[in-house]
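A.B. asks: run_4.cif (mmCIF, C-alpha atoms, pLDDT in the B column; chains and numbers go by the auth columns) pasted underneath:
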data_coords
#
loop_
_atom_site.group_PDB
_atom_site.id
_atom_site.type_symbol
_atom_site.label_atom_id
_atom_site.label_comp_id
_atom_site.label_asym_id
_atom_site.label_seq_id
_atom_site.Cartn_x
_atom_site.Cartn_y
_atom_site.Cartn_z
_atom_site.B_iso_or_equiv
_atom_site.auth_seq_id
_atom_site.auth_asym_id
ATOM 1 C CA MET A 1 25.907 -1.538 -3.605 43.00 2 A
ATOM 2 C CA PRO A 2 24.496 1.765 -4.959 51.00 3 A
ATOM 3 C CA LEU A 3 21.842 3.595 -3.009 54.00 4 A
ATOM 4 C CA TYR A 4 19.443 4.072 -5.916 53.00 5 A
ATOM 5 C CA TRP A 5 19.477 3.354 -9.640 51.00 6 A
ATOM 6 C CA THR A 6 18.254 5.922 -12.099 53.00 7 A
ATOM 7 C CA GLU A 7 19.209 7.115 -15.545 58.00 8 A
ATOM 8 C CA ASP A 8 19.097 10.696 -14.249 76.00 9 A
ATOM 9 C CA ARG A 9 22.247 10.326 -12.148 86.00 10 A
ATOM 10 C CA GLU A 10 24.593 13.319 -12.133 90.00 11 A
ATOM 11 C CA PRO A 11 28.383 13.239 -11.541 91.00 12 A
ATOM 12 C CA ILE A 12 28.851 12.729 -7.775 92.00 13 A
ATOM 13 C CA GLY A 13 31.394 15.554 -7.472 94.00 14 A
ATOM 14 C CA VAL A 14 29.037 18.251 -8.790 94.00 15 A
ATOM 15 C CA ALA A 15 27.854 19.081 -5.240 95.00 16 A
ATOM 16 C CA ASN A 16 31.281 18.929 -3.565 96.00 17 A
ATOM 17 C CA GLY A 17 31.918 21.760 -1.122 96.00 18 A
ATOM 18 C CA GLU A 18 31.120 23.165 2.295 97.00 19 A
ATOM 19 C CA TYR A 19 27.659 24.668 2.804 97.00 20 A
ATOM 20 C CA ALA A 20 26.590 26.726 5.845 97.00 21 A
ATOM 21 C CA ASN A 21 23.492 28.257 7.385 95.00 22 A
ATOM 22 C CA GLY A 22 23.706 30.870 10.163 93.00 23 A
ATOM 23 C CA CYS A 23 21.291 29.087 12.481 89.00 24 A
ATOM 24 C CA CYS A 24 22.037 25.459 11.731 91.00 25 A
ATOM 25 C CA GLY A 25 25.775 25.023 11.218 93.00 26 A
ATOM 26 C CA SER A 26 27.524 23.593 8.202 96.00 27 A
ATOM 27 C CA MET A 27 27.811 20.435 6.140 97.00 28 A
ATOM 28 C CA ILE A 28 30.498 19.135 3.827 97.00 29 A
ATOM 29 C CA LEU A 29 29.641 17.183 0.696 97.00 30 A
ATOM 30 C CA ARG A 30 32.562 15.269 -0.737 97.00 31 A
ATOM 31 C CA ASP A 31 32.330 12.544 -3.401 96.00 32 A
ATOM 32 C CA GLY A 32 29.186 10.857 -2.095 97.00 33 A
ATOM 33 C CA VAL A 33 29.607 11.419 1.659 98.00 34 A
ATOM 34 C CA LEU A 34 27.826 14.248 3.511 98.00 35 A
ATOM 35 C CA THR A 35 29.450 15.100 6.864 98.00 36 A
ATOM 36 C CA PHE A 36 28.118 17.375 9.613 96.00 37 A
ATOM 37 C CA ALA A 37 28.553 17.743 13.394 91.00 38 A
ATOM 38 C CA GLY A 38 30.415 14.445 13.776 87.00 39 A
ATOM 39 C CA ASP A 39 27.900 12.412 11.738 94.00 40 A
ATOM 40 C CA SER A 40 27.864 11.360 8.088 96.00 41 A
ATOM 41 C CA VAL A 41 25.609 9.832 5.453 97.00 42 A
ATOM 42 C CA ARG A 42 26.127 8.667 1.866 97.00 43 A
ATOM 43 C CA TYR A 43 24.339 10.444 -0.979 97.00 44 A
ATOM 44 C CA VAL A 44 23.803 10.513 -4.739 97.00 45 A
ATOM 45 C CA VAL A 45 23.200 13.492 -7.028 97.00 46 A
ATOM 46 C CA GLU A 46 20.309 13.187 -9.474 95.00 47 A
ATOM 47 C CA ARG A 47 18.144 15.351 -11.735 94.00 48 A
ATOM 48 C CA ASP A 48 14.395 15.549 -12.234 93.00 49 A
ATOM 49 C CA LYS A 49 12.081 18.032 -13.986 92.00 50 A
ATOM 50 C CA GLU A 50 12.771 20.628 -11.242 93.00 51 A
ATOM 51 C CA GLY A 51 16.573 20.352 -11.528 93.00 52 A
ATOM 52 C CA ARG A 52 19.460 18.768 -9.623 95.00 53 A
ATOM 53 C CA TYR A 53 19.197 17.467 -6.094 96.00 54 A
ATOM 54 C CA VAL A 54 21.164 15.558 -3.470 97.00 55 A
ATOM 55 C CA LEU A 55 19.460 12.431 -2.161 97.00 56 A
ATOM 56 C CA PRO A 56 20.997 11.184 1.102 97.00 57 A
ATOM 57 C CA GLU A 57 20.716 7.561 2.182 96.00 58 A
ATOM 58 C CA HIS A 58 18.766 8.672 5.297 96.00 59 A
ATOM 59 C CA LEU A 59 16.555 11.638 6.153 94.00 60 A
ATOM 60 C CA LEU A 60 18.482 14.834 6.935 94.00 61 A
ATOM 61 C CA LEU A 61 16.467 17.480 8.803 90.00 62 A
ATOM 62 C CA VAL A 62 16.926 20.688 10.735 91.00 63 A
ATOM 63 C CA GLU A 63 15.778 20.260 14.327 87.00 64 A
ATOM 64 C CA ASP A 64 16.435 22.633 17.241 87.00 65 A
ATOM 65 C CA ASN A 65 18.603 24.814 14.975 88.00 66 A
ATOM 66 C CA ARG A 66 20.969 22.001 14.024 90.00 67 A
ATOM 67 C CA LEU A 67 21.261 19.316 11.382 93.00 68 A
ATOM 68 C CA PHE A 68 19.854 15.982 12.458 90.00 69 A
ATOM 69 C CA LEU A 69 20.003 12.554 10.774 93.00 70 A
ATOM 70 C CA GLU A 70 16.905 10.366 11.078 92.00 71 A
ATOM 71 C CA ARG A 71 17.870 6.843 10.017 93.00 72 A
ATOM 72 C CA ARG A 72 14.366 5.343 10.342 93.00 73 A
ATOM 73 C CA ASN A 73 12.559 7.554 7.812 89.00 74 A
ATOM 74 C CA TYR A 74 12.759 7.906 4.054 92.00 75 A
ATOM 75 C CA PRO A 75 15.076 10.647 2.798 94.00 76 A
ATOM 76 C CA LEU A 76 13.900 13.865 1.162 93.00 77 A
ATOM 77 C CA LYS A 77 15.499 15.536 -1.829 95.00 78 A
ATOM 78 C CA MET A 78 17.828 18.401 -0.965 96.00 79 A
ATOM 79 C CA ARG A 79 17.601 20.832 -3.887 96.00 80 A
ATOM 80 C CA LEU A 80 20.711 22.393 -5.422 97.00 81 A
ATOM 81 C CA ASP A 81 20.320 25.848 -6.940 95.00 82 A
ATOM 82 C CA GLY A 82 20.603 26.218 -10.701 90.00 83 A
ATOM 83 C CA SER A 83 24.134 27.616 -10.838 90.00 84 A
ATOM 84 C CA ASN A 84 27.123 25.545 -11.884 89.00 85 A
ATOM 85 C CA PRO A 85 28.768 24.777 -9.538 90.00 86 A
ATOM 86 C CA PRO A 86 25.830 25.089 -7.126 95.00 87 A
ATOM 87 C CA ARG A 87 25.961 28.017 -4.690 96.00 88 A
ATOM 88 C CA ALA A 88 23.296 26.691 -2.304 97.00 89 A
ATOM 89 C CA ILE A 89 21.451 23.590 -1.138 97.00 90 A
ATOM 90 C CA LYS A 90 18.007 23.507 0.520 95.00 91 A
ATOM 91 C CA VAL A 91 17.081 21.292 3.477 93.00 92 A
ATOM 92 C CA TRP A 92 13.484 20.746 4.670 84.00 93 A
ATOM 93 C CA ALA A 93 12.456 21.150 8.297 79.00 94 A
ATOM 94 C CA ASP A 94 8.978 21.273 9.824 74.00 95 A
ATOM 95 C CA ARG A 95 7.313 22.839 6.773 81.00 96 A
ATOM 96 C CA SER A 96 10.227 25.251 6.398 89.00 97 A
ATOM 97 C CA ILE A 97 13.153 25.271 4.033 92.00 98 A
ATOM 98 C CA TYR A 98 16.666 26.154 5.189 95.00 99 A
ATOM 99 C CA GLU A 99 19.123 27.353 2.588 96.00 100 A
ATOM 100 C CA PHE A 100 22.752 26.423 3.140 97.00 101 A
ATOM 101 C CA ARG A 101 25.113 28.681 1.150 97.00 102 A
ATOM 102 C CA ARG A 102 28.308 27.330 -0.369 96.00 103 A
ATOM 103 C CA ARG A 103 31.499 28.415 1.404 93.00 104 A
ATOM 104 C CA THR A 104 34.071 26.525 -0.655 71.00 105 A
ATOM 105 C CA PRO A 105 34.231 24.922 -4.103 63.00 106 A
#
Translate the structure described by the file into C-alpha coordinates.

C.D. replies:
Amino acid sequence: MPLYWTEDREPIGVANGEYANGCCGSMILRDGVLTFAGDSVRYVVERDKEGRYVLPEHLLLVEDNRLFLERRNYPLKMRLDGSNPPRAIKVWADRSIYEFRRRTP
(Lines of atoms letter the chains of each structure in order from A and count residues from 1; the text may use other names and numbers.)
(Lines give C-alpha, C1' and ligand atoms only; values in the text may rest on other atoms or scores of the structure.)
Protein backbone atom coordinates (compact mmCIF):
# COMPACT_ATOMS: atom_id res chain seq x y z
CA MET A 1 0.00 0.00 0.00
CA PRO A 2 1.43 3.44 -0.95
CA LEU A 3 2.32 5.89 1.77
CA TYR A 4 0.45 8.85 0.29
CA TRP A 5 -1.50 9.54 -2.89
CA THR A 6 -0.98 12.74 -4.80
CA GLU A 7 -0.86 13.81 -8.41
CA ASP A 8 2.40 15.64 -7.68
CA ARG A 9 4.42 12.44 -7.28
CA GLU A 10 7.93 12.48 -8.75
CA PRO A 11 9.92 9.45 -9.99
CA ILE A 12 11.15 7.64 -6.85
CA GLY A 13 14.73 7.35 -8.14
CA VAL A 14 15.23 11.11 -8.54
CA ALA A 15 16.65 11.39 -4.99
CA ASN A 16 18.81 8.24 -5.11
CA GLY A 17 22.27 8.71 -3.63
CA GLU A 18 24.28 9.09 -0.45
CA TYR A 19 23.99 12.39 1.42
CA ALA A 20 26.24 13.47 4.32
CA ASN A 21 26.53 16.20 6.92
CA GLY A 22 29.75 16.75 8.91
CA CYS A 23 28.04 16.75 12.30
CA CYS A 24 25.24 14.27 11.76
CA GLY A 25 26.51 11.40 9.61
CA SER A 26 25.09 10.18 6.34
CA MET A 27 21.96 8.72 4.81
CA ILE A 28 21.36 6.66 1.70
CA LEU A 29 18.23 7.10 -0.39
CA ARG A 30 17.59 4.24 -2.77
CA ASP A 31 14.32 3.60 -4.64
CA GLY A 32 11.96 4.52 -1.81
CA VAL A 33 14.01 3.38 1.21
CA LEU A 34 16.09 5.82 3.30
CA THR A 35 18.80 4.09 5.36
CA PHE A 36 20.99 5.59 8.09
CA ALA A 37 22.91 4.32 11.15
CA GLY A 38 21.34 0.85 11.03
CA ASP A 39 17.75 2.13 10.69
CA SER A 40 15.54 2.65 7.65
CA VAL A 41 12.25 4.22 6.60
CA ARG A 42 10.23 4.25 3.37
CA TYR A 43 9.71 7.51 1.49
CA VAL A 44 8.10 9.11 -1.55
CA VAL A 45 9.30 12.04 -3.65
CA GLU A 46 6.75 14.75 -4.40
CA ARG A 47 6.57 18.35 -5.64
CA ASP A 48 4.73 21.39 -4.34
CA LYS A 49 4.92 25.13 -5.11
CA GLU A 50 8.34 25.32 -3.37
CA GLY A 51 9.85 22.44 -5.36
CA ARG A 52 10.70 18.76 -4.85
CA TYR A 53 10.87 17.09 -1.47
CA VAL A 54 11.29 13.69 0.15
CA LEU A 55 8.48 12.67 2.49
CA PRO A 56 9.46 9.78 4.78
CA GLU A 57 6.86 7.49 6.32
CA HIS A 58 7.97 8.64 9.82
CA LEU A 59 9.57 11.78 11.22
CA LEU A 60 13.32 12.03 10.59
CA LEU A 61 15.14 14.52 12.83
CA VAL A 62 18.63 15.50 13.89
CA GLU A 63 19.08 14.99 17.62
CA ASP A 64 22.37 15.02 19.56
CA ASN A 65 24.29 15.42 16.28
CA ARG A 66 22.85 12.28 14.70
CA LEU A 67 19.88 11.28 12.60
CA PHE A 68 16.96 9.99 14.63
CA LEU A 69 13.69 8.35 13.53
CA GLU A 70 10.58 9.24 15.53
CA ARG A 71 7.86 6.75 14.60
CA ARG A 72 5.10 8.35 16.72
CA ASN A 73 5.03 11.79 15.07
CA TYR A 74 4.00 13.01 11.64
CA PRO A 75 6.81 13.32 9.11
CA LEU A 76 8.18 16.62 7.82
CA LYS A 77 9.15 17.36 4.24
CA MET A 78 12.87 17.08 3.53
CA ARG A 79 13.59 19.60 0.77
CA LEU A 80 15.75 18.71 -2.22
CA ASP A 81 17.73 21.53 -3.81
CA GLY A 82 16.75 22.70 -7.28
CA SER A 83 19.51 20.97 -9.23
CA ASN A 84 18.92 17.84 -11.28
CA PRO A 85 19.98 15.44 -9.90
CA PRO A 86 19.72 17.06 -6.46
CA ARG A 87 23.01 17.96 -4.76
CA ALA A 88 21.57 18.40 -1.26
CA ILE A 89 18.66 17.55 1.02
CA LYS A 90 17.55 19.54 4.09
CA VAL A 91 16.46 17.99 7.40
CA TRP A 92 14.74 19.96 10.19
CA ALA A 93 15.92 19.84 13.79
CA ASP A 94 14.91 22.01 16.74
CA ARG A 95 14.20 25.12 14.65
CA SER A 96 17.38 24.53 12.65
CA ILE A 97 17.92 23.10 9.21
CA TYR A 98 20.75 20.67 8.46
CA GLU A 99 21.91 20.38 4.89
CA PHE A 100 23.13 16.96 3.79
CA ARG A 101 25.31 17.18 0.65
CA ARG A 102 25.22 14.48 -2.00
CA ARG A 103 28.28 12.22 -2.08
CA THR A 104 27.26 9.82 -4.84
CA PRO A 105 24.77 9.81 -7.73

A.B. asks: Pick the closest to A:Arg53 from A:Leu81, A:Cys24, A:Ile98, A:Ala16: which is it, counting all atoms listed in the file?

C.D. replies: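 Of the candidates, the smallest distance to A:Arg53 is held by A:Leu81.
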
A.B. asks: From the options A:Gly18, A:Gly83, A:Val92, A:Asp32, which residue's atoms come nearest to A:Leu60, counting all atoms listed in the file?

C.D. replies: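 Among A:Gly18, A:Gly83, A:Val92, A:Asp32, it is A:Val92 that comes nearest to A:Leu60.
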
A.B. asks: Could you write out as a list in words the residues that the PyMOL selection byres ((chain A and resi 93) around 9) matches in the shown file?

C.D. replies: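 Selected by the PyMOL selection byres ((chain A and resi 93) around 9) here: Leu61, Leu62, Val63, Leu77, Lys78, Met79, Lys91, Val92, Ala94, Asp95, Arg96, Ser97, Ile98, Tyr99 and Glu100 of chain A.
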
A.B. asks: Quick one: distance from atom CA of A:Phe101 to atom CA of A:Val45 in Å, one decimal?

C.D. replies: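 Those two atoms sit 17.8 Å apart.
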
A.B. asks: Pick out the closest residue to A:Ser27 from this set: A:Arg80, A:Ile13, A:Asp40, A:Tyr54. Count all atoms listed in the file.

C.D. replies: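 Smallest separation from A:Ser27 among the options: A:Asp40.
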
A.B. asks: Once the PyMOL selection byres ((chain A and resi 103) around 12) has been applied to the shown file, what residues remain in the selection, as a PyMOL selection string?

C.D. replies: chain A and resi 16-22+27-30+81-82+84-91+100-102+104-106

A.B. asks: Taking (24.1, 16.1, 14.2) in the file's coordinates as the center, which residues reach within 8 Å of it, counting all atoms listed in the file, put as a PDB file with C-alpha atoms, in the coordinates of the input?

C.D. replies:
ATOM      1  CA  PHE A  37      28.118  17.375   9.613  1.00 96.00           C
ATOM      2  CA  ALA A  38      28.553  17.743  13.394  1.00 91.00           C
ATOM      3  CA  GLY A  39      30.415  14.445  13.776  1.00 87.00           C
ATOM      4  CA  ASP A  40      27.900  12.412  11.738  1.00 94.00           C
ATOM      5  CA  ARG A  67      20.969  22.001  14.024  1.00 90.00           C
ATOM      6  CA  LEU A  68      21.261  19.316  11.382  1.00 93.00           C
ATOM      7  CA  PHE A  69      19.854  15.982  12.458  1.00 90.00           C
ATOM      8  CA  LEU A  70      20.003  12.554  10.774  1.00 93.00           C
TER       9      LEU A  70
END

A.B. asks: Please list, as a PyMOL selection string, the residues that have an atom at most 8 Å away from (23.0, 9.3, -5.0) in the coordinates of this file, counting only C-alpha atoms.

C.D. replies: chain A and resi 3-5+10+13+33+43-47+55-58

A.B. asks: Distance atom CA of A:Asn66-atom CA of A:Val42, one decimal place?

C.D. replies: 19.1 Å

A.B. asks: Which distance in Å separates atom CA of A:Thr36 and atom CA of A:Gly52, to one decimal?

C.D. replies: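 These atoms are spaced 23.1 Å apart.
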